[in-house]
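**Q** Dropping in upload-v5.cif, with mmCIF, C-alpha atoms.
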data_coords
#
loop_
_atom_site.label_atom_id
_atom_site.label_comp_id
_atom_site.auth_asym_id
_atom_site.auth_seq_id
_atom_site.Cartn_x
_atom_site.Cartn_y
_atom_site.Cartn_z
CA MET E 1 18.93 -64.97 11.78
CA ARG E 2 18.33 -62.36 9.12
CA ILE E 3 19.68 -58.81 9.62
CA SER E 4 17.76 -55.97 8.03
CA PRO E 5 18.28 -52.22 8.44
CA TRP E 6 14.53 -51.71 8.70
CA ARG E 7 12.88 -54.23 10.82
CA ARG E 8 9.17 -54.14 10.44
CA SER E 9 8.43 -54.60 14.11
CA ASP E 10 10.63 -51.61 15.13
CA LEU E 11 9.11 -49.28 12.55
CA THR E 12 5.57 -50.31 13.42
CA ALA E 13 6.24 -49.94 17.12
CA TRP E 14 7.75 -46.47 16.70
CA THR E 15 5.06 -44.97 14.48
CA GLY E 16 2.13 -47.22 15.04
CA GLN E 17 1.76 -47.56 11.26
CA GLY E 18 3.19 -49.73 8.54
CA PRO E 19 5.71 -48.50 5.94
CA ARG E 20 3.12 -48.28 3.13
CA ARG E 21 1.02 -45.81 5.06
CA LEU E 22 4.13 -43.73 5.85
CA ARG E 23 5.00 -43.62 2.14
CA ARG E 24 1.55 -42.22 1.38
CA TYR E 25 1.94 -39.47 4.00
CA GLY E 26 5.46 -38.73 2.79
CA LEU E 27 4.29 -38.53 -0.82
CA ALA E 28 1.39 -36.23 0.15
CA LEU E 29 3.78 -34.03 2.15
CA PHE E 30 6.20 -33.93 -0.79
CA VAL E 31 3.43 -32.89 -3.21
CA LEU E 32 2.17 -30.16 -0.88
CA LEU E 33 5.65 -28.74 -0.26
CA SER E 34 6.47 -28.85 -3.98
CA ALA E 35 3.27 -26.99 -4.84
CA TRP E 36 3.93 -24.37 -2.16
CA LEU E 37 7.53 -23.83 -3.28
CA SER E 38 6.64 -23.55 -6.96
CA TRP E 39 3.86 -21.08 -6.13
CA SER E 40 6.15 -18.94 -3.99
CA TRP E 41 8.81 -18.76 -6.73
CA PHE E 42 6.47 -17.41 -9.40
CA SER E 43 6.97 -13.70 -9.93
CA ALA E 44 4.08 -11.36 -9.34
CA PRO E 45 2.46 -9.94 -12.48
CA ASP E 46 3.71 -6.52 -13.49
CA GLU E 47 0.72 -4.24 -13.04
CA THR E 48 2.61 -0.95 -12.80
CA GLY E 49 1.02 0.29 -16.01
CA ALA E 50 -2.44 -0.13 -14.53
CA LEU E 51 -1.64 1.72 -11.31
CA PRO E 52 -2.25 5.45 -11.09
CA ALA E 53 0.84 7.61 -11.02
CA VAL E 54 1.90 8.76 -7.58
CA ASN E 55 3.09 12.16 -6.42
CA GLN E 56 1.35 14.14 -9.14
CA LEU E 57 0.57 17.12 -6.93
CA VAL E 58 2.73 19.20 -4.56
CA HIS E 59 1.45 22.18 -2.60
CA TRP E 60 4.23 24.67 -1.88
CA GLN E 61 4.00 28.01 -0.17
CA ASP E 62 6.18 30.64 1.43
CA ALA E 63 5.57 34.27 2.42
CA ALA E 64 5.20 35.46 -1.20
CA HIS E 65 3.98 32.34 -3.05
CA ASP E 66 1.20 29.78 -2.76
CA TRP E 67 1.59 27.25 -5.56
CA LEU E 68 0.22 23.92 -6.71
CA LEU E 69 2.79 22.01 -8.77
CA VAL E 70 1.03 19.42 -10.92
CA ILE E 71 2.09 16.88 -13.54
CA ASP E 72 0.20 17.15 -16.82
CA PRO E 73 -0.27 13.46 -17.76
CA ALA E 74 -0.85 14.23 -21.45
CA THR E 75 2.38 16.15 -22.04
CA ARG E 76 4.45 14.93 -19.05
CA GLU E 77 5.26 18.52 -18.15
CA LEU E 78 5.29 20.24 -14.77
CA VAL E 79 2.58 22.90 -14.50
CA VAL E 80 2.61 25.54 -11.77
CA TYR E 81 -0.77 26.91 -10.66
CA ASP E 82 -1.64 29.71 -8.27
CA ALA E 83 -3.24 27.93 -5.32
CA ASP E 84 -5.47 30.91 -4.51
CA ASP E 85 -7.29 31.34 -7.82
CA GLY E 86 -6.22 28.29 -9.86
CA ARG E 87 -4.70 30.13 -12.81
CA PRO E 88 -1.70 28.52 -14.51
CA LEU E 89 1.51 30.45 -13.88
CA ARG E 90 4.19 28.47 -15.67
CA ARG E 91 4.82 25.26 -17.63
CA LEU E 92 8.14 23.43 -17.45
CA GLY E 93 9.14 20.64 -19.82
CA ALA E 94 11.89 19.42 -22.13
CA ALA E 95 12.65 22.97 -23.34
CA ASP E 96 13.51 23.85 -19.72
CA GLY E 97 15.85 20.86 -19.32
CA LEU E 98 13.42 18.57 -17.52
CA PRO E 99 12.90 14.91 -18.39
CA PRO E 100 9.37 13.70 -19.19
CA VAL E 101 7.89 14.17 -15.70
CA ARG E 102 6.48 11.08 -14.02
CA ARG E 103 6.79 11.91 -10.29
CA ILE E 104 7.51 14.93 -8.14
CA ALA E 105 8.53 15.19 -4.51
CA GLN E 106 9.19 18.25 -2.38
CA LEU E 107 11.50 18.62 0.60
CA GLY E 108 11.96 22.12 1.95
CA PRO E 109 13.03 24.49 -0.84
CA TRP E 110 13.78 21.61 -3.24
CA LEU E 111 11.58 19.89 -5.79
CA PHE E 112 12.78 16.55 -7.16
CA VAL E 113 11.39 15.75 -10.60
CA SER E 114 11.68 12.12 -11.67
CA GLY E 115 11.43 11.09 -15.27
CA GLY E 116 11.66 7.33 -14.88
CA PRO E 117 14.52 4.84 -14.88
CA GLN E 118 16.06 5.80 -18.24
CA SER E 119 15.86 9.58 -18.01
CA GLY E 120 16.83 10.04 -14.36
CA GLY E 121 15.67 13.14 -12.55
CA SER E 122 16.22 16.82 -11.94
CA LEU E 123 16.43 18.94 -8.83
CA LEU E 124 14.71 22.32 -8.87
CA ARG E 125 15.16 25.10 -6.35
CA LEU E 126 11.92 26.74 -5.22
CA PRO E 127 10.67 29.41 -5.89
CA GLN E 128 13.02 30.06 -8.84
CA LEU E 129 12.21 26.69 -10.46
CA GLN E 130 15.72 26.61 -11.91
CA PRO E 131 17.44 23.23 -12.38
CA VAL E 132 20.35 22.64 -10.01
CA THR E 133 23.26 20.50 -11.17
CA MET E 134 23.72 17.38 -9.08
CA ALA E 135 27.09 15.95 -8.16
CA GLY E 136 28.10 13.01 -10.33
CA ARG E 137 26.18 14.12 -13.40
#
What is this structure when it is put down as structure tokens?
**A**
Amino acid sequence: MRISPWRRSDLTAWTGQGPRRLRRYGLALFVLLSAWLSWSWFSAPDETGALPAVNQLVHWQDAAHDWLLVIDPATRELVVYDADDGRPLRRLGAADGLPPVRRIAQLGPWLFVSGGPQSGGSLLRLPQLQPVTMAGR
């Protein structure tokens, strides 16, 4: 009597198929899983340069002021406009201690000006538009 770890009759009875057919299905499954894993590990293309900049406009108003704070994309400066008539009121840039402005966000009386990963950001108090020193800087 010959002893074998894989007896053909047991394998065929369990699956209803021979070992060669199982190898084909296993190989096909292996190829599909490998393709899916390699596709999922590829990094997405960096398209941040093609996307429009976000947060380029903030509308701020209180009892005495009604302003539009806008980023000038050509100079990367913050421009303050009167929201009623559209006339420019003030321009803030590197001479005022701001980084090249990429994004702005407003929360209450504060305006956060972001200059990107290398230049950090600045915090301005509204309506004075004066930079506030941040802890840890």
**Q** Quick one, how far is CA of Ser114 in chain E from CA of Leu68 in chain E?
**A**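 CA of Ser114 in chain E sits 17.2 Å away from CA of Leu68 in chain E.
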**Q** Write out as a list in words each polymer residue whose atoms come within 12 Å of Gln128 in chain E, counting all atoms listed in the file; drop sequence neighbours fewer than 4 positions from it.
**A** His65, Val80, Arg90, Leu92, Pro109, Trp110, Leu111, Leu123, Leu124 and Val132 of chain E
**Q** Between CA of Gln56 in chain E and CA of Ile71 in chain E, what is the distance, to one decimal in Å?
**A** 5.2 Å
**Q** Just want the 9 Å neighbourhood of range 57-59 of chain E, counted on only C-alpha atoms, with same-chain residues fewer than 5 positions away dropped. Output as number ranges by chain.
**A** E: 66-71, 83, 103-106, 111
**Q** Between CA of Arg125 in chain E and CA of Asp84 in chain E, what is the distance, to one decimal in Å?
**A**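 Atom-to-atom, CA of Arg125 in chain E to CA of Asp84 in chain E, that is 21.5 Å.
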